[in-house]
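Q: Input protein.cif, format and content: mmCIF, N, CA and C atoms and all ligand atoms.
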```cif
data_final
#
loop_
_atom_site.label_atom_id
_atom_site.label_comp_id
_atom_site.auth_asym_id
_atom_site.auth_seq_id
_atom_site.Cartn_x
_atom_site.Cartn_y
_atom_site.Cartn_z
N MET A 1 126.25 97.68 65.22
CA MET A 1 125.77 98.86 65.95
C MET A 1 126.40 98.91 67.35
N PHE A 2 126.78 100.11 67.72
CA PHE A 2 127.43 100.31 69.01
C PHE A 2 126.61 101.30 69.85
N VAL A 3 126.91 101.32 71.14
CA VAL A 3 126.21 102.24 72.04
C VAL A 3 126.36 103.67 71.54
N SER A 4 127.52 104.01 70.99
CA SER A 4 127.75 105.37 70.47
C SER A 4 126.76 105.72 69.36
N ASP A 5 126.33 104.71 68.56
CA ASP A 5 125.34 104.97 67.49
C ASP A 5 124.00 105.38 68.09
N ILE A 6 123.63 104.76 69.20
CA ILE A 6 122.37 105.13 69.87
C ILE A 6 122.48 106.56 70.40
N LEU A 7 123.62 106.88 71.01
CA LEU A 7 123.78 108.21 71.61
C LEU A 7 123.76 109.31 70.55
N LYS A 8 124.26 108.97 69.33
CA LYS A 8 124.26 109.96 68.24
C LYS A 8 122.84 110.39 67.91
N ILE A 9 121.91 109.44 67.96
CA ILE A 9 120.50 109.74 67.64
C ILE A 9 119.78 110.31 68.87
N LYS A 10 120.02 109.68 69.99
CA LYS A 10 119.27 110.01 71.20
C LYS A 10 119.79 111.27 71.90
N GLY A 11 121.07 111.51 71.77
CA GLY A 11 121.69 112.62 72.48
C GLY A 11 122.19 112.19 73.85
N THR A 12 122.76 113.14 74.54
CA THR A 12 123.41 112.80 75.81
C THR A 12 122.67 113.39 77.01
N ASP A 13 121.41 113.75 76.80
CA ASP A 13 120.60 114.31 77.89
C ASP A 13 120.40 113.25 78.98
N ILE A 14 120.70 113.61 80.21
CA ILE A 14 120.57 112.66 81.32
C ILE A 14 119.66 113.27 82.38
N VAL A 15 118.63 112.52 82.75
CA VAL A 15 117.73 112.99 83.80
C VAL A 15 118.26 112.46 85.13
N SER A 16 118.51 113.38 86.05
CA SER A 16 119.12 112.95 87.32
C SER A 16 118.48 113.65 88.51
N ILE A 17 118.83 113.13 89.68
CA ILE A 17 118.30 113.66 90.94
C ILE A 17 119.41 113.51 91.98
N THR A 18 119.29 114.25 93.09
CA THR A 18 120.29 114.07 94.15
C THR A 18 119.74 113.11 95.21
N SER A 19 120.66 112.53 95.97
CA SER A 19 120.28 111.42 96.86
C SER A 19 119.45 111.88 98.06
N ASP A 20 119.53 113.17 98.40
CA ASP A 20 118.80 113.63 99.59
C ASP A 20 117.38 114.12 99.28
N GLU A 21 117.00 114.08 98.03
CA GLU A 21 115.63 114.50 97.68
C GLU A 21 114.62 113.42 98.07
N PRO A 22 113.36 113.83 98.29
CA PRO A 22 112.35 112.83 98.65
C PRO A 22 111.91 112.00 97.44
N ALA A 23 111.41 110.82 97.70
CA ALA A 23 110.91 109.96 96.62
C ALA A 23 109.85 110.68 95.80
N ALA A 24 109.07 111.56 96.46
CA ALA A 24 108.02 112.30 95.74
C ALA A 24 108.61 113.09 94.57
N ALA A 25 109.80 113.65 94.75
CA ALA A 25 110.45 114.42 93.68
C ALA A 25 110.86 113.50 92.53
N ALA A 26 111.33 112.30 92.88
CA ALA A 26 111.73 111.34 91.84
C ALA A 26 110.51 110.88 91.06
N ILE A 27 109.41 110.64 91.77
CA ILE A 27 108.17 110.19 91.10
C ILE A 27 107.69 111.27 90.14
N ALA A 28 107.71 112.52 90.58
CA ALA A 28 107.28 113.64 89.72
C ALA A 28 108.16 113.72 88.47
N LEU A 29 109.46 113.53 88.66
CA LEU A 29 110.41 113.59 87.53
C LEU A 29 110.13 112.48 86.51
N LEU A 30 109.91 111.27 87.01
CA LEU A 30 109.62 110.14 86.11
C LEU A 30 108.36 110.43 85.29
N CYS A 31 107.34 111.00 85.97
CA CYS A 31 106.07 111.28 85.27
C CYS A 31 106.24 112.41 84.26
N GLU A 32 106.90 113.51 84.68
CA GLU A 32 107.07 114.66 83.79
C GLU A 32 107.87 114.31 82.54
N ARG A 33 108.92 113.50 82.72
CA ARG A 33 109.82 113.21 81.61
C ARG A 33 109.46 111.92 80.86
N HIS A 34 108.42 111.25 81.30
CA HIS A 34 107.98 109.99 80.66
C HIS A 34 109.12 108.98 80.57
N ILE A 35 109.78 108.77 81.70
CA ILE A 35 110.90 107.83 81.74
C ILE A 35 110.69 106.83 82.88
N GLY A 36 111.51 105.76 82.86
CA GLY A 36 111.34 104.70 83.85
C GLY A 36 112.37 104.69 84.95
N ALA A 37 113.40 105.53 84.82
CA ALA A 37 114.45 105.53 85.85
C ALA A 37 115.19 106.87 85.85
N VAL A 38 115.70 107.24 87.02
CA VAL A 38 116.56 108.43 87.10
C VAL A 38 117.91 108.02 87.70
N LEU A 39 118.93 108.68 87.23
CA LEU A 39 120.25 108.45 87.82
C LEU A 39 120.40 109.36 89.04
N VAL A 40 121.03 108.84 90.07
CA VAL A 40 121.29 109.63 91.28
C VAL A 40 122.76 110.06 91.23
N LEU A 41 122.97 111.37 91.13
CA LEU A 41 124.33 111.90 90.95
C LEU A 41 124.74 112.77 92.12
N ASP A 42 126.06 112.84 92.37
CA ASP A 42 126.55 113.80 93.35
C ASP A 42 126.87 115.12 92.64
N SER A 43 127.41 116.09 93.38
CA SER A 43 127.63 117.42 92.79
C SER A 43 128.74 117.41 91.74
N HIS A 44 129.50 116.32 91.67
CA HIS A 44 130.55 116.20 90.63
C HIS A 44 130.11 115.32 89.47
N GLU A 45 128.77 115.09 89.39
CA GLU A 45 128.22 114.25 88.32
C GLU A 45 128.67 112.80 88.40
N ARG A 46 129.09 112.38 89.60
CA ARG A 46 129.44 110.96 89.77
C ARG A 46 128.18 110.19 90.15
N ILE A 47 128.13 108.94 89.68
CA ILE A 47 126.93 108.13 89.92
C ILE A 47 126.93 107.57 91.34
N LEU A 48 125.86 107.87 92.09
CA LEU A 48 125.69 107.30 93.43
C LEU A 48 124.71 106.13 93.40
N GLY A 49 123.84 106.12 92.39
CA GLY A 49 122.85 105.05 92.30
C GLY A 49 121.90 105.27 91.16
N ILE A 50 120.92 104.37 91.09
CA ILE A 50 119.85 104.50 90.09
C ILE A 50 118.54 104.16 90.78
N LEU A 51 117.50 104.91 90.44
CA LEU A 51 116.18 104.68 91.04
C LEU A 51 115.19 104.48 89.90
N SER A 52 114.58 103.29 89.86
CA SER A 52 113.63 103.02 88.78
C SER A 52 112.23 102.78 89.34
N GLU A 53 111.29 102.73 88.41
CA GLU A 53 109.89 102.45 88.77
C GLU A 53 109.81 101.22 89.66
N ARG A 54 110.61 100.23 89.33
CA ARG A 54 110.54 98.97 90.10
C ARG A 54 110.93 99.19 91.57
N ASP A 55 111.94 100.02 91.79
CA ASP A 55 112.33 100.33 93.18
C ASP A 55 111.17 101.02 93.91
N LEU A 56 110.49 101.90 93.18
CA LEU A 56 109.39 102.66 93.81
C LEU A 56 108.20 101.75 94.11
N VAL A 57 107.93 100.81 93.23
CA VAL A 57 106.82 99.87 93.48
C VAL A 57 107.15 99.01 94.71
N ARG A 58 108.39 98.52 94.76
CA ARG A 58 108.80 97.72 95.94
C ARG A 58 108.66 98.55 97.21
N ALA A 59 109.10 99.81 97.14
CA ALA A 59 109.06 100.68 98.32
C ALA A 59 107.62 100.97 98.74
N MET A 60 106.73 101.10 97.76
CA MET A 60 105.30 101.33 98.08
C MET A 60 104.76 100.15 98.86
N ASN A 61 105.17 98.95 98.45
CA ASN A 61 104.69 97.75 99.13
C ASN A 61 105.22 97.68 100.57
N THR A 62 106.45 98.17 100.75
CA THR A 62 107.07 98.11 102.09
C THR A 62 106.60 99.27 102.98
N PHE A 63 106.64 100.48 102.43
CA PHE A 63 106.42 101.67 103.28
C PHE A 63 105.03 102.28 103.17
N ARG A 64 104.23 101.76 102.24
CA ARG A 64 102.86 102.28 102.04
C ARG A 64 102.88 103.80 101.84
N GLU A 65 102.00 104.53 102.55
CA GLU A 65 101.87 105.97 102.29
C GLU A 65 103.10 106.78 102.73
N GLU A 66 103.99 106.14 103.51
CA GLU A 66 105.20 106.86 103.94
C GLU A 66 106.25 106.94 102.83
N VAL A 67 106.00 106.24 101.73
CA VAL A 67 107.00 106.15 100.67
C VAL A 67 107.39 107.53 100.12
N PHE A 68 106.44 108.44 100.02
CA PHE A 68 106.71 109.74 99.39
C PHE A 68 107.78 110.55 100.12
N ALA A 69 107.88 110.37 101.43
CA ALA A 69 108.84 111.15 102.22
C ALA A 69 110.21 110.46 102.34
N LYS A 70 110.31 109.22 101.88
CA LYS A 70 111.61 108.52 101.96
C LYS A 70 112.63 109.24 101.07
N ARG A 71 113.88 109.22 101.50
CA ARG A 71 114.94 109.85 100.68
C ARG A 71 115.26 108.92 99.51
N VAL A 72 115.65 109.52 98.40
CA VAL A 72 116.08 108.75 97.23
C VAL A 72 117.19 107.76 97.63
N SER A 73 118.10 108.20 98.50
CA SER A 73 119.22 107.34 98.92
C SER A 73 118.76 106.05 99.60
N GLU A 74 117.58 106.08 100.21
CA GLU A 74 117.07 104.90 100.92
C GLU A 74 116.47 103.87 99.96
N LEU A 75 116.12 104.31 98.77
CA LEU A 75 115.38 103.44 97.85
C LEU A 75 116.18 103.02 96.62
N MET A 76 117.25 103.74 96.32
CA MET A 76 117.98 103.50 95.05
C MET A 76 118.84 102.23 95.12
N THR A 77 119.22 101.76 93.94
CA THR A 77 120.22 100.68 93.83
C THR A 77 121.59 101.35 93.77
N GLN A 78 122.50 100.89 94.62
CA GLN A 78 123.80 101.59 94.72
C GLN A 78 124.85 101.06 93.75
N ARG A 79 124.82 99.76 93.48
CA ARG A 79 125.85 99.20 92.59
C ARG A 79 125.33 99.25 91.16
N VAL A 80 125.75 100.27 90.46
CA VAL A 80 125.20 100.50 89.12
C VAL A 80 126.15 99.95 88.06
N VAL A 81 125.60 99.11 87.19
CA VAL A 81 126.38 98.57 86.07
C VAL A 81 126.35 99.59 84.94
N THR A 82 127.51 99.86 84.37
CA THR A 82 127.61 100.86 83.30
C THR A 82 128.16 100.21 82.02
N CYS A 83 128.13 100.96 80.95
CA CYS A 83 128.73 100.48 79.71
C CYS A 83 129.54 101.61 79.08
N SER A 84 130.18 101.30 77.95
CA SER A 84 130.98 102.32 77.27
C SER A 84 130.42 102.56 75.87
N PRO A 85 130.71 103.70 75.27
CA PRO A 85 130.18 103.97 73.92
C PRO A 85 130.65 102.93 72.89
N GLN A 86 131.77 102.27 73.17
CA GLN A 86 132.32 101.29 72.22
C GLN A 86 131.67 99.90 72.33
N ASP A 87 130.81 99.71 73.33
CA ASP A 87 130.18 98.39 73.51
C ASP A 87 129.18 98.12 72.39
N PRO A 88 129.15 96.86 71.88
CA PRO A 88 128.13 96.51 70.88
C PRO A 88 126.75 96.49 71.53
N VAL A 89 125.73 96.98 70.81
CA VAL A 89 124.37 97.03 71.35
C VAL A 89 123.88 95.62 71.70
N ALA A 90 124.25 94.62 70.88
CA ALA A 90 123.81 93.24 71.14
C ALA A 90 124.30 92.76 72.52
N ALA A 91 125.52 93.15 72.88
CA ALA A 91 126.07 92.73 74.19
C ALA A 91 125.31 93.39 75.33
N ILE A 92 124.92 94.65 75.14
CA ILE A 92 124.17 95.37 76.19
C ILE A 92 122.77 94.75 76.34
N MET A 93 122.19 94.36 75.21
CA MET A 93 120.87 93.71 75.27
C MET A 93 120.96 92.41 76.07
N GLY A 94 122.03 91.64 75.80
CA GLY A 94 122.24 90.38 76.55
C GLY A 94 122.42 90.64 78.03
N MET A 95 123.16 91.69 78.34
CA MET A 95 123.40 92.03 79.75
C MET A 95 122.11 92.44 80.45
N MET A 96 121.31 93.27 79.77
CA MET A 96 120.03 93.72 80.37
C MET A 96 119.12 92.52 80.63
N THR A 97 119.11 91.58 79.68
CA THR A 97 118.25 90.40 79.82
C THR A 97 118.74 89.52 80.97
N ALA A 98 120.05 89.27 81.00
CA ALA A 98 120.61 88.37 82.02
C ALA A 98 120.49 88.97 83.42
N GLN A 99 120.71 90.29 83.53
CA GLN A 99 120.74 90.89 84.87
C GLN A 99 119.41 91.54 85.26
N ARG A 100 118.44 91.47 84.33
CA ARG A 100 117.07 91.94 84.60
C ARG A 100 116.99 93.41 84.99
N PHE A 101 117.63 94.26 84.23
CA PHE A 101 117.36 95.70 84.37
C PHE A 101 117.29 96.32 82.98
N ARG A 102 116.67 97.50 82.91
CA ARG A 102 116.33 98.08 81.61
C ARG A 102 117.00 99.42 81.35
N HIS A 103 117.96 99.78 82.18
CA HIS A 103 118.65 101.06 82.01
C HIS A 103 120.14 100.87 82.26
N VAL A 104 120.96 101.48 81.41
CA VAL A 104 122.42 101.39 81.60
C VAL A 104 123.06 102.75 81.30
N PRO A 105 123.71 103.35 82.31
CA PRO A 105 124.45 104.60 82.05
C PRO A 105 125.69 104.33 81.20
N VAL A 106 126.06 105.32 80.42
CA VAL A 106 127.23 105.18 79.54
C VAL A 106 128.35 106.08 80.06
N LEU A 107 129.51 105.48 80.30
CA LEU A 107 130.67 106.23 80.78
C LEU A 107 131.77 106.21 79.73
N GLU A 108 132.39 107.38 79.52
CA GLU A 108 133.55 107.45 78.62
C GLU A 108 134.69 108.05 79.42
N GLU A 109 135.74 107.28 79.59
CA GLU A 109 136.89 107.68 80.42
C GLU A 109 136.41 108.20 81.78
N GLY A 110 135.47 107.47 82.37
CA GLY A 110 134.99 107.80 83.71
C GLY A 110 133.95 108.91 83.75
N ARG A 111 133.67 109.53 82.61
CA ARG A 111 132.72 110.63 82.56
C ARG A 111 131.37 110.15 82.02
N LEU A 112 130.29 110.59 82.69
CA LEU A 112 128.94 110.20 82.28
C LEU A 112 128.58 110.89 80.96
N VAL A 113 128.25 110.09 79.93
CA VAL A 113 127.92 110.70 78.63
C VAL A 113 126.52 110.33 78.12
N GLY A 114 125.80 109.51 78.87
CA GLY A 114 124.44 109.17 78.43
C GLY A 114 123.84 108.06 79.25
N LEU A 115 122.59 107.75 78.93
CA LEU A 115 121.91 106.63 79.58
C LEU A 115 121.02 105.98 78.52
N ILE A 116 121.18 104.67 78.34
CA ILE A 116 120.34 104.00 77.34
C ILE A 116 119.36 103.07 78.03
N SER A 117 118.20 102.95 77.41
CA SER A 117 117.14 102.11 77.98
C SER A 117 116.90 100.91 77.07
N ILE A 118 116.14 99.95 77.58
CA ILE A 118 115.81 98.77 76.78
C ILE A 118 115.08 99.19 75.50
N GLY A 119 114.30 100.27 75.59
CA GLY A 119 113.58 100.77 74.40
C GLY A 119 114.56 101.21 73.31
N ASP A 120 115.61 101.92 73.71
CA ASP A 120 116.64 102.36 72.74
C ASP A 120 117.31 101.14 72.10
N VAL A 121 117.60 100.15 72.94
CA VAL A 121 118.32 98.96 72.48
C VAL A 121 117.46 98.17 71.49
N VAL A 122 116.19 97.96 71.83
CA VAL A 122 115.29 97.20 70.95
C VAL A 122 115.12 97.93 69.61
N LYS A 123 114.94 99.26 69.69
CA LYS A 123 114.77 100.07 68.46
C LYS A 123 116.00 99.90 67.55
N SER A 124 117.17 99.98 68.15
CA SER A 124 118.41 99.87 67.38
C SER A 124 118.55 98.48 66.74
N ARG A 125 118.20 97.43 67.48
CA ARG A 125 118.30 96.06 66.96
C ARG A 125 117.31 95.85 65.81
N ILE A 126 116.11 96.41 65.92
CA ILE A 126 115.11 96.26 64.86
C ILE A 126 115.60 96.98 63.59
N GLU A 127 116.15 98.19 63.76
CA GLU A 127 116.65 98.94 62.60
C GLU A 127 117.80 98.18 61.91
N GLU A 128 118.64 97.56 62.73
CA GLU A 128 119.76 96.79 62.19
C GLU A 128 119.24 95.60 61.38
N ALA A 129 118.25 94.90 61.94
CA ALA A 129 117.68 93.73 61.25
C ALA A 129 117.02 94.16 59.94
N GLN A 130 116.30 95.30 59.97
CA GLN A 130 115.64 95.79 58.76
C GLN A 130 116.66 96.15 57.68
N ALA A 131 117.78 96.75 58.09
CA ALA A 131 118.84 97.12 57.14
C ALA A 131 119.44 95.87 56.51
N GLU A 132 119.59 94.81 57.30
CA GLU A 132 120.15 93.55 56.79
C GLU A 132 119.19 92.92 55.77
N VAL A 133 117.91 92.94 56.09
CA VAL A 133 116.90 92.39 55.17
C VAL A 133 116.93 93.15 53.86
N GLU A 134 117.00 94.49 53.95
CA GLU A 134 117.02 95.32 52.74
C GLU A 134 118.26 95.05 51.90
N ALA A 135 119.41 94.89 52.56
CA ALA A 135 120.67 94.60 51.84
C ALA A 135 120.58 93.25 51.13
N LEU A 136 120.00 92.25 51.82
CA LEU A 136 119.85 90.92 51.21
C LEU A 136 118.88 90.98 50.03
N ARG A 137 117.79 91.76 50.19
CA ARG A 137 116.80 91.88 49.11
C ARG A 137 117.45 92.49 47.87
N GLN A 138 118.25 93.51 48.08
CA GLN A 138 118.92 94.16 46.94
C GLN A 138 119.93 93.23 46.29
N TYR A 139 120.62 92.43 47.13
CA TYR A 139 121.61 91.47 46.63
C TYR A 139 120.94 90.44 45.72
N ILE A 140 119.75 89.97 46.16
CA ILE A 140 119.03 88.94 45.41
C ILE A 140 118.47 89.51 44.09
N THR A 141 117.99 90.74 44.15
CA THR A 141 117.27 91.29 42.98
C THR A 141 118.17 92.04 42.00
N THR A 142 119.48 92.17 42.28
CA THR A 142 120.35 92.87 41.33
C THR A 142 121.34 91.90 40.67
P1 LIG A 201 114.68 98.59 85.66
O1 LIG A 201 114.40 97.33 84.94
O2 LIG A 201 115.73 99.42 84.98
O3 LIG A 201 113.46 99.34 86.05
O4 LIG A 201 115.41 98.19 87.06
C1 LIG A 201 115.14 97.00 87.76
C2 LIG A 201 116.03 97.01 89.01
O5 LIG A 201 117.42 97.05 88.62
C3 LIG A 201 115.83 98.23 89.94
O6 LIG A 201 116.08 97.80 91.28
C4 LIG A 201 116.90 99.21 89.49
O7 LIG A 201 117.33 100.09 90.52
C5 LIG A 201 118.03 98.26 89.10
N1 LIG A 201 118.86 98.76 88.00
C6 LIG A 201 118.43 99.44 86.90
N2 LIG A 201 119.47 99.71 86.10
C7 LIG A 201 120.57 99.22 86.69
C8 LIG A 201 121.98 99.21 86.36
N3 LIG A 201 122.44 99.72 85.23
N4 LIG A 201 122.81 98.62 87.24
C9 LIG A 201 122.37 98.05 88.38
N5 LIG A 201 121.07 98.03 88.75
C10 LIG A 201 120.18 98.60 87.91
#
```
For this file, produce the structure as structure tokens.

A:
Amino acid sequence: MFVSDILKIKGTDIVSITSDEPAAAAIALLCERHIGAVLVLDSHERILGILSERDLVRAMNTFREEVFAKRVSELMTQRVVTCSPQDPVAAIMGMMTAQRFRHVPVLEEGRLVGLISIGDVVKSRIEEAQAEVEALRQYITT
């Protein structure tokens, strides 16, 4: 299974925000879309950063009630690790585990084509394991 297989099912819809918006807008977006992170893009769809629930929790602890007015640019992670559609899902799972993040944008020839989450990765790995079990069962019983 490859990242491209996940995108075929999930689609290439990307939830994003601009860096000058307030954290309150990012929080509203996460709640409305039932997601854990938003990508921060410039007007050319280039990645400037990523802002996840974890960043917002840390910021709440630091800034308390002032957190809502902070700019997204002040709270986001700037060095964003990306992957390609050709990457094996198992490798992305290893990377997420080792580097302790749950979201990875997908770039194809420098162009943003999707974002996968740990939920997508786990779902894909479970389906792969189930398919292997089924293939082995058929091999044994035929
Ligand atoms: P998450 O587990 O995705 O909620 O993110 C945990 C931390 O890692 C947060 O500080 C995020 O901003 C950051 N983060 C999430 N995804 C990435 C990524 N692909 N590259 C670099 N940092 C990330």

Q: What gap, in Å, lies between CA of Ile35 in chain A and CA of Gly49 in chain A?

A: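 CA of Ile35 in chain A sits 16.2 Å away from CA of Gly49 in chain A.
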
Q: Within 7 Å of ligand LIG 201 (chain A), which residues of chain A show up? Give each one with its shortest atom-to-atom distance in Å (one decimal) and the two atoms involved, counting all atoms listed in the file, rows by chain then rising residue number, as a Markdown table.

A:
```
| residue | atom | partner | partner_atom | distance |
| --- | --- | --- | --- | --- |
| A:Gly36 | C | A:LIG201 | O3 | 5.6 |
| A:Ala37 | CA | A:LIG201 | O3 | 6.3 |
| A:Gly49 | C | A:LIG201 | O7 | 6.9 |
| A:Ile50 | C | A:LIG201 | O7 | 4.3 |
| A:Leu51 | CA | A:LIG201 | O7 | 4.8 |
| A:Ser52 | N | A:LIG201 | O7 | 4.3 |
| A:Glu53 | N | A:LIG201 | O3 | 4.7 |
| A:Arg54 | N | A:LIG201 | O3 | 4.4 |
| A:Asp55 | N | A:LIG201 | C3 | 4.7 |
| A:Leu75 | C | A:LIG201 | O7 | 6.9 |
| A:Met76 | C | A:LIG201 | O7 | 5.3 |
| A:Thr77 | N | A:LIG201 | O7 | 4.2 |
| A:Gln78 | C | A:LIG201 | C9 | 6.6 |
| A:Arg79 | C | A:LIG201 | C9 | 4.2 |
| A:Val80 | CA | A:LIG201 | N4 | 3.6 |
| A:Val81 | N | A:LIG201 | N4 | 2.8 |
| A:Thr82 | N | A:LIG201 | N3 | 5.1 |
| A:Gln99 | C | A:LIG201 | O5 | 6.8 |
| A:Arg100 | C | A:LIG201 | O1 | 4.7 |
| A:Phe101 | CA | A:LIG201 | O1 | 3.4 |
| A:Arg102 | N | A:LIG201 | O2 | 3.0 |
| A:His103 | N | A:LIG201 | O2 | 3.6 |
| A:Val104 | CA | A:LIG201 | N3 | 4.0 |
| A:Pro105 | N | A:LIG201 | N3 | 4.8 |
```

Q: What is the distance between CA of Glu128 in chain A and CA of Pro85 in chain A, in Å to one decimal?

A: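 So the answer is 17.3 Å.
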
Q: Using DSSP on the backbone, list every residue of chain A that comes out as strand (DSSP E), and give them as a list in words.

A: Ser16, Ile17, Ala37, Val38, Leu39, Val40, Leu41, Ile47, Leu48, Gly49, Ile50, Leu51, Ser52, His103, Val104, Pro105, Val106, Leu107, Glu108, Arg111, Leu112, Val113, Gly114, Leu115, Ile116 and Ser117 of chain A

Q: Tell me, as a count of residues only, which residues lie within 8 Å of Cys83 in chain A, counting only N, CA and C atoms; anything in the same chain fewer than 5 positions away does not count.

A: 7

Q: Go through A:Gln130, A:Ile9, A:Ile17, A:Ala135 one by one, measure the shortest atom-to-atom distance of each to Leu41 in chain A using all atoms listed in the file, and give the residue with the smallest value.

A: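 So, comparing all the options, the nearest one is A:Ile17.
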
Q: Suppose you want the space between atom C of Val113 in chain A and atom N of Glu74 in chain A; what is it in Å?

A: 24.2 Å

Q: For each of A:Ala23, A:Ala98, A:Ile14, A:Ile47, take the minimum atom-to-atom distance to Ala69 in chain A, counting only C-alpha atoms, then give the residue where this is smallest.

A: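 Once distances to Ala69 in chain A are computed over only C-alpha atoms, the minimum belongs to A:Ala23.
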
Q: What box, with edges along x, y and z, holds each listed atom of range 45-52 of chain A when 4 Å is added on every side, and can you state its centre and edge lengths in Å to one decimal, as lines of an AutoDock Vina configuration file?

A:
```
center_x = 120.8
center_y = 108.9
center_z = 90.9
size_x = 25.2
size_y = 20.3
size_z = 13.1
```

Q: Based on the backbone DSSP call, show me all residues of range 36-70 of chain A assigned alpha helix (DSSP H), as JSON, numbers by chain.

A: {"A": [53, 54, 55, 56, 57, 58, 59, 60, 61, 62, 63]}

Q: Do you know which residues lie at most 12 Å from (116.2, 98.2, 70.4), with coordinates as in the file and only C-alpha atoms counted, and could you write them as number ranges by chain?

A: A: 1-3, 5-6, 89-94, 96, 102, 116-130

Q: A:Leu115, A:Met95, A:Ala59, A:Val133: which is nearest Asp13 in chain A, counting all atoms listed in the file?

A: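 Checking each of A:Leu115, A:Met95, A:Ala59, A:Val133 against Asp13 in chain A, counting all atoms listed in the file, the winner is A:Leu115.
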
Q: Compile the contact shell of Ser73 in chain A as an MDAnalysis selection string: residues with an atom at most 7 Å away, counting only N, CA and C atoms, same-chain residues fewer than 2 positions apart removed.

A: chainID A and resid 18:21 70:71 75:76

Q: Considering only C-alpha atoms, can you say which of A:Asn61, A:Ser84, A:Thr141, A:Ser43 comes closest to Leu7 in chain A?

A: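 So, comparing all the options, the nearest one is A:Ser84.
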
Q: Is it possible to produce a file of range 112-127 of chain A from this structure, with N, CA and C atoms, as an mmCIF file, in the first residue's frame?

A:
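Result written to part24.cif:
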```cif
data_model
loop_
_atom_site.group_PDB
_atom_site.id
_atom_site.type_symbol
_atom_site.label_atom_id
_atom_site.label_comp_id
_atom_site.auth_asym_id
_atom_site.auth_seq_id
_atom_site.Cartn_x
_atom_site.Cartn_y
_atom_site.Cartn_z
ATOM 1 N N LEU A 112 1.092 20.594 -3.617
ATOM 2 C CA LEU A 112 0.336 19.968 -2.534
ATOM 3 C C LEU A 112 -0.837 19.175 -3.109
ATOM 4 N N VAL A 113 -0.892 17.863 -2.810
ATOM 5 C CA VAL A 113 -1.976 17.043 -3.362
ATOM 6 C C VAL A 113 -2.821 16.343 -2.286
ATOM 7 N N GLY A 114 -2.471 16.531 -1.021
ATOM 8 C CA GLY A 114 -3.281 15.913 0.029
ATOM 9 C C GLY A 114 -2.632 16.013 1.386
ATOM 10 N N LEU A 115 -3.350 15.520 2.379
ATOM 11 C CA LEU A 115 -2.808 15.462 3.737
ATOM 12 C C LEU A 115 -3.328 14.177 4.373
ATOM 13 N N ILE A 116 -2.417 13.369 4.892
ATOM 14 C CA ILE A 116 -2.870 12.124 5.520
ATOM 15 C C ILE A 116 -2.633 12.190 7.021
ATOM 16 N N SER A 117 -3.533 11.529 7.742
ATOM 17 C CA SER A 117 -3.454 11.539 9.203
ATOM 18 C C SER A 117 -3.131 10.133 9.701
ATOM 19 N N ILE A 118 -2.802 10.044 10.981
ATOM 20 C CA ILE A 118 -2.506 8.730 11.570
ATOM 21 C C ILE A 118 -3.725 7.807 11.431
ATOM 22 N N GLY A 119 -4.925 8.396 11.475
ATOM 23 C CA GLY A 119 -6.152 7.592 11.315
ATOM 24 C C GLY A 119 -6.204 6.941 9.936
ATOM 25 N N ASP A 120 -5.854 7.697 8.900
ATOM 26 C CA ASP A 120 -5.829 7.143 7.533
ATOM 27 C C ASP A 120 -4.810 6.005 7.439
ATOM 28 N N VAL A 121 -3.653 6.237 8.072
ATOM 29 C CA VAL A 121 -2.553 5.266 7.992
ATOM 30 C C VAL A 121 -2.940 3.966 8.707
ATOM 31 N N VAL A 122 -3.505 4.089 9.910
ATOM 32 C CA VAL A 122 -3.888 2.899 10.674
ATOM 33 C C VAL A 122 -4.978 2.122 9.923
ATOM 34 N N LYS A 123 -5.956 2.855 9.370
ATOM 35 C CA LYS A 123 -7.046 2.202 8.611
ATOM 36 C C LYS A 123 -6.466 1.400 7.442
ATOM 37 N N SER A 124 -5.543 2.012 6.726
ATOM 38 C CA SER A 124 -4.938 1.364 5.562
ATOM 39 C C SER A 124 -4.156 0.113 5.972
ATOM 40 N N ARG A 125 -3.411 0.196 7.075
ATOM 41 C CA ARG A 125 -2.615 -0.950 7.540
ATOM 42 C C ARG A 125 -3.523 -2.096 7.985
ATOM 43 N N ILE A 126 -4.643 -1.775 8.643
ATOM 44 C CA ILE A 126 -5.576 -2.814 9.089
ATOM 45 C C ILE A 126 -6.192 -3.509 7.868
ATOM 46 N N GLU A 127 -6.582 -2.719 6.859
ATOM 47 C CA GLU A 127 -7.179 -3.306 5.649
ATOM 48 C C GLU A 127 -6.175 -4.223 4.938
#
```
